[in-house]
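Shown next: structure-v6.cif, containing mmCIF, C-alpha atoms.
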```
data_coords
loop_
_atom_site.label_atom_id
_atom_site.label_comp_id
_atom_site.auth_asym_id
_atom_site.auth_seq_id
_atom_site.Cartn_x
_atom_site.Cartn_y
_atom_site.Cartn_z
CA MET A 274 -81.50 -48.44 -183.68
CA TYR A 275 -80.21 -48.26 -180.12
CA LEU A 276 -81.41 -50.83 -177.60
CA PRO A 277 -80.53 -50.16 -173.95
CA ALA A 278 -78.84 -53.03 -172.19
CA PRO A 279 -80.08 -54.03 -168.76
CA THR A 280 -77.80 -52.87 -165.92
CA ALA A 281 -76.88 -55.66 -163.52
CA ALA A 282 -77.05 -55.16 -159.78
CA VAL A 283 -73.84 -54.25 -157.94
CA ALA A 284 -71.55 -57.26 -157.28
CA VAL A 285 -73.20 -59.50 -159.91
CA ASN A 286 -70.53 -61.92 -161.10
CA THR A 287 -71.81 -63.45 -164.32
CA THR A 288 -70.99 -63.26 -168.01
CA GLN A 289 -73.82 -60.74 -168.45
CA LEU A 290 -72.85 -57.67 -170.42
CA ALA A 291 -71.59 -54.85 -168.17
CA THR A 292 -73.04 -51.45 -168.92
CA THR A 293 -71.32 -48.14 -168.30
CA ALA A 294 -73.64 -47.56 -165.33
CA TYR A 295 -72.65 -50.93 -163.82
CA VAL A 296 -68.91 -50.19 -164.21
CA LYS A 297 -69.20 -46.68 -162.76
CA THR A 298 -71.22 -47.93 -159.77
CA ASN A 299 -68.70 -50.69 -158.97
CA ILE A 300 -65.68 -48.40 -159.37
CA ALA A 301 -67.29 -45.89 -157.02
CA ALA A 302 -67.70 -48.68 -154.43
CA ILE A 303 -63.93 -49.32 -154.28
CA PRO A 304 -62.56 -47.83 -151.04
CA ALA A 305 -60.20 -44.90 -151.54
CA LEU A 306 -56.58 -45.97 -151.50
CA THR A 307 -54.83 -43.75 -148.99
CA ALA A 308 -51.33 -43.76 -147.54
CA ALA A 309 -52.85 -44.65 -144.15
CA ALA A 310 -54.61 -47.69 -145.66
CA VAL A 311 -51.38 -48.91 -147.26
CA ASN A 312 -49.38 -48.23 -144.08
CA ALA A 313 -51.93 -50.14 -142.00
CA LEU A 314 -51.20 -53.18 -144.16
CA ALA A 315 -47.42 -52.63 -144.11
CA TYR A 316 -47.29 -52.07 -140.33
CA PRO A 317 -49.85 -54.30 -138.59
CA VAL A 318 -50.24 -54.24 -134.80
CA GLY A 319 -47.03 -55.61 -133.25
CA SER A 320 -44.77 -54.24 -136.00
CA ILE A 321 -41.56 -52.39 -135.20
CA TYR A 322 -40.69 -49.15 -136.96
CA THR A 323 -37.13 -47.78 -136.83
CA SER A 324 -35.92 -44.33 -137.83
CA VAL A 325 -33.20 -41.79 -137.10
CA VAL A 326 -35.98 -39.23 -136.63
CA SER A 327 -37.73 -39.10 -133.24
CA THR A 328 -41.20 -38.32 -134.68
CA ASN A 329 -43.96 -40.72 -133.58
CA PRO A 330 -44.79 -42.99 -136.57
CA ASN A 331 -48.49 -42.11 -136.26
CA SER A 332 -47.59 -38.61 -137.45
CA LEU A 333 -45.53 -40.01 -140.33
CA LEU A 334 -47.65 -42.99 -141.39
CA GLY A 335 -51.10 -41.77 -140.38
CA VAL A 336 -52.10 -45.02 -138.76
CA GLY A 337 -52.11 -46.73 -135.37
CA SER A 338 -50.88 -46.03 -131.88
CA TRP A 339 -47.16 -46.44 -131.29
CA SER A 340 -45.03 -46.67 -128.17
CA ALA A 341 -41.30 -46.04 -127.98
CA MET A 342 -39.39 -49.20 -127.14
CA GLY A 343 -35.96 -50.74 -126.78
CA GLN A 344 -34.02 -47.72 -125.50
CA GLY A 345 -30.40 -48.80 -125.11
CA ARG A 346 -30.97 -52.19 -126.79
CA VAL A 347 -30.26 -53.80 -130.15
CA LEU A 348 -32.61 -56.09 -132.06
CA MET A 349 -31.96 -59.86 -132.18
CA GLY A 350 -33.83 -62.53 -134.11
CA ALA A 351 -36.16 -64.77 -132.11
CA GLY A 352 -35.41 -68.46 -131.85
CA GLY A 353 -33.91 -71.10 -129.61
CA SER A 354 -34.12 -69.91 -126.03
CA TYR A 355 -34.82 -66.31 -127.15
CA GLY A 356 -38.55 -65.64 -127.36
CA ALA A 357 -39.95 -62.63 -129.22
CA GLY A 358 -40.22 -59.65 -126.87
CA SER A 359 -37.77 -61.01 -124.28
CA GLN A 360 -34.86 -58.83 -123.13
CA GLY A 361 -31.41 -59.46 -121.71
CA GLY A 362 -27.76 -58.51 -121.84
CA THR A 363 -25.81 -55.65 -120.28
CA ALA A 364 -23.98 -52.60 -121.59
CA THR A 365 -21.08 -53.19 -119.18
CA GLU A 366 -19.81 -56.35 -117.53
CA THR A 367 -17.50 -57.02 -114.59
CA LEU A 368 -15.75 -60.35 -115.06
CA SER A 369 -15.65 -62.80 -112.21
CA ILE A 370 -12.42 -64.65 -111.37
CA ALA A 371 -13.84 -67.73 -113.12
CA GLN A 372 -14.33 -65.72 -116.36
CA ILE A 373 -10.75 -64.41 -116.50
CA PRO A 374 -8.38 -66.62 -118.52
CA SER A 375 -6.04 -68.72 -116.38
CA HIS A 376 -2.71 -66.90 -115.92
CA ASN A 377 0.06 -66.05 -113.40
CA HIS A 378 1.57 -62.81 -112.21
CA GLY A 379 4.69 -62.13 -110.22
CA TYR A 380 8.30 -63.11 -110.18
CA THR A 381 9.20 -65.91 -112.54
CA GLY A 382 13.02 -65.53 -112.54
CA GLN A 383 15.54 -68.35 -112.01
CA PHE A 384 18.05 -68.55 -109.18
CA GLY A 385 20.71 -65.94 -109.78
CA ASP A 386 18.67 -63.99 -112.40
CA SER A 387 17.81 -60.36 -111.83
CA ASP A 388 14.20 -59.64 -110.96
CA ALA A 389 12.47 -57.30 -113.42
CA ASP A 390 9.49 -57.00 -111.03
CA GLY A 391 11.61 -55.33 -108.34
CA GLY A 392 11.50 -58.32 -105.95
CA SER A 393 14.41 -60.42 -104.69
CA ASP A 394 15.95 -63.51 -106.25
CA ARG A 395 16.23 -66.57 -104.07
CA SER A 396 19.04 -65.99 -101.66
CA SER A 397 20.14 -69.59 -101.50
CA SER A 398 20.19 -72.51 -103.82
CA VAL A 399 19.72 -76.15 -103.29
CA GLY A 400 22.03 -76.68 -106.20
CA ALA A 401 22.19 -75.73 -109.81
CA ALA A 402 20.55 -78.99 -110.83
CA ASN A 403 17.46 -78.09 -108.78
CA SER A 404 17.03 -74.59 -110.23
CA HIS A 405 13.40 -73.99 -111.35
CA PRO A 406 11.03 -71.07 -112.00
CA ILE A 407 9.56 -69.31 -109.01
CA ILE A 408 5.95 -68.12 -109.31
CA THR A 409 4.50 -65.87 -106.63
CA GLY A 410 1.23 -64.02 -106.21
CA LEU A 411 2.84 -60.80 -105.06
CA ASN A 412 2.08 -58.76 -108.18
CA VAL A 413 -1.71 -58.67 -108.24
CA ARG A 414 -3.06 -56.83 -111.27
CA GLY A 415 -6.51 -55.54 -112.20
CA GLY A 416 -9.05 -53.20 -110.70
CA GLY A 417 -12.17 -55.35 -110.98
CA GLN A 418 -14.12 -52.61 -112.75
CA ALA A 419 -16.76 -53.13 -115.41
CA HIS A 420 -15.78 -52.92 -119.08
CA ASN A 421 -17.86 -52.09 -122.15
CA ASN A 422 -19.72 -55.03 -123.59
CA LEU A 423 -21.16 -53.36 -126.72
CA GLN A 424 -21.18 -54.63 -130.28
CA PRO A 425 -20.76 -52.05 -133.05
CA TYR A 426 -24.04 -50.16 -133.26
CA LEU A 427 -26.14 -47.52 -134.99
CA VAL A 428 -28.49 -45.60 -132.73
CA VAL A 429 -32.09 -45.36 -134.01
CA TYR A 430 -35.51 -44.67 -132.57
CA MET A 431 -37.63 -47.81 -132.27
CA TRP A 432 -41.39 -47.85 -132.06
CA LYS A 433 -43.85 -50.73 -131.66
CA ARG A 434 -47.37 -50.47 -133.04
CA THR A 435 -49.79 -51.19 -130.19
CA SER A 436 -53.16 -50.63 -131.89
#
```
Produce structure tokens that represent the structure in this file.
Amino acid sequence: MYLPAPTAAVAVNTTQLATTAYVKTNIAAIPALTAAAVNALAYPVGSIYTSVVSTNPNSLLGVGSWSAMGQGRVLMGAGGSYGAGSQGGTATETLSIAQIPSHNHGYTGQFGDSDADGGSDRSSSVGAANSHPIITGLNVRGGGQAHNNLQPYLVVYMWKRTS
């Protein structure tokens, strides 16, 4: 003889026997697992999404509002004096005199040597024992223009989830 078992109310958490009706009701109550639901967990607000495709991540992931960010910049880990979201650096840099390594230009020949720079040797000597290098500032070099200051890079589109 068949005796029907009592069906527990939804969300009952006891050792009571679960009927088919109870199981079906609780399974039906589970929210549908969608790509958007998974992506919302994988990319919470504040996340950064990178791609070589310019499509807004909302179209690809189906979740959130996204704004393009970081054009012309590379990512760097936060820490020390670098707070998350801060920016700095330059694509080109013009060195100041203080940043250029210490060096000399110009004629450095000895008395009686020929001058490879096209200048003149000393025309008189105090004596061979006093012969010493001559250093002048006549041959100034450099144009003072900016130079590239870029590390090796891969260009990608970067997006930040804003909501």
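Proximity to Ala294 (chain A) was assessed for A:Pro279, A:Gly417, A:Gly319, A:Gly356 counting only C-alpha atoms; the smallest distance is recorded for A:Pro279.
Relative to CA of Leu276 (chain A), CA of Leu290 (chain A) is found at 13.1 Å.
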Counting all atoms listed in the file, which residues in region 291-334 of chain A sit no more than 12 Å from region 348-352 of chain A? For each one, give the nearest pair of atoms and the distance in Å, sorted by chain then residue number, as CSV.
```
residue,atom,partner,partner_atom,distance
A:Ile321,CA,A:Leu348,CA,10.2
A:Tyr322,CA,A:Leu348,CA,11.7
A:Thr323,CA,A:Leu348,CA,10.6
```
Selection above as a file: C-alpha atoms, as a PDB file, in the frame of the given file:
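Output saved as result.pdb:
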```pdb
ATOM      1  CA  ILE A 321     -41.560 -52.390-135.200  1.00  0.00           C
ATOM      2  CA  TYR A 322     -40.690 -49.150-136.960  1.00  0.00           C
ATOM      3  CA  THR A 323     -37.130 -47.780-136.830  1.00  0.00           C
TER       4      THR A 323
END
```
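Taking CA of Thr287 (chain A) and CA of Ala305 (chain A) as the two end points, the separation is 25.3 Å.
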Using all atoms listed in the file, which residues sit within 7 Å of Ser338 (chain A) once same-chain residues fewer than 2 positions away are excluded, as JSON, numbers by chain?
{"A": [331, 340, 434, 435, 436]}
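Counting from CA of Gln418 (chain A), the distance to CA of Thr367 (chain A) is 5.9 Å.
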Report the residues retrieved by the PyMOL selection byres ((chain A and resi 360) around 12) from the displayed file, expressed as a PyMOL selection string.
chain A and resi 342-351+354-359+361-363
Save out the residues we just selected, C-alpha atoms, as an mmCIF file, in the coordinates of the input.
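New file again.cif:
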```cif
data_model
loop_
_atom_site.group_PDB
_atom_site.id
_atom_site.type_symbol
_atom_site.label_atom_id
_atom_site.label_comp_id
_atom_site.auth_asym_id
_atom_site.auth_seq_id
_atom_site.Cartn_x
_atom_site.Cartn_y
_atom_site.Cartn_z
ATOM 1 C CA MET A 342 -39.390 -49.200 -127.140
ATOM 2 C CA GLY A 343 -35.960 -50.740 -126.780
ATOM 3 C CA GLN A 344 -34.020 -47.720 -125.500
ATOM 4 C CA GLY A 345 -30.400 -48.800 -125.110
ATOM 5 C CA ARG A 346 -30.970 -52.190 -126.790
ATOM 6 C CA VAL A 347 -30.260 -53.800 -130.150
ATOM 7 C CA LEU A 348 -32.610 -56.090 -132.060
ATOM 8 C CA MET A 349 -31.960 -59.860 -132.180
ATOM 9 C CA GLY A 350 -33.830 -62.530 -134.110
ATOM 10 C CA ALA A 351 -36.160 -64.770 -132.110
ATOM 11 C CA SER A 354 -34.120 -69.910 -126.030
ATOM 12 C CA TYR A 355 -34.820 -66.310 -127.150
ATOM 13 C CA GLY A 356 -38.550 -65.640 -127.360
ATOM 14 C CA ALA A 357 -39.950 -62.630 -129.220
ATOM 15 C CA GLY A 358 -40.220 -59.650 -126.870
ATOM 16 C CA SER A 359 -37.770 -61.010 -124.280
ATOM 17 C CA GLY A 361 -31.410 -59.460 -121.710
ATOM 18 C CA GLY A 362 -27.760 -58.510 -121.840
ATOM 19 C CA THR A 363 -25.810 -55.650 -120.280
#
```
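Closest approach to Val326 (chain A) among A:Ala278, A:Val428, A:Ile370, A:Leu423: A:Val428, based on only C-alpha atoms.
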Neighbour list for Gly415 (chain A) as JSON, numbers by chain, cut-off 12 Å, all atoms listed in the file, skip fewer than 4 positions in-chain:
{"A": [367, 368, 369, 370, 373, 378, 419, 420]}
Using only C-alpha atoms, please write the residues we just selected to a file, as a PDB file, keeping the file's coordinate frame.
```
ATOM      1  CA  THR A 367     -17.500 -57.020-114.590  1.00  0.00           C
ATOM      2  CA  LEU A 368     -15.750 -60.350-115.060  1.00  0.00           C
ATOM      3  CA  SER A 369     -15.650 -62.800-112.210  1.00  0.00           C
ATOM      4  CA  ILE A 370     -12.420 -64.650-111.370  1.00  0.00           C
ATOM      5  CA  ILE A 373     -10.750 -64.410-116.500  1.00  0.00           C
ATOM      6  CA  HIS A 378       1.570 -62.810-112.210  1.00  0.00           C
ATOM      7  CA  ALA A 419     -16.760 -53.130-115.410  1.00  0.00           C
ATOM      8  CA  HIS A 420     -15.780 -52.920-119.080  1.00  0.00           C
TER       9      HIS A 420
END
```
Step by step, work through what the PyMOL selection byres ((chain A and resi 327) around 9) selects in the shown file, and finish by giving those residues as a PyMOL selection string.
chain A and resi 324-326+328-330+429-431
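Using only C-alpha atoms, the shortest contact distance between Val296 (chain A) and any of A:Ala315, A:Val336, A:Ala310, A:Ala282 is found at A:Ala282.
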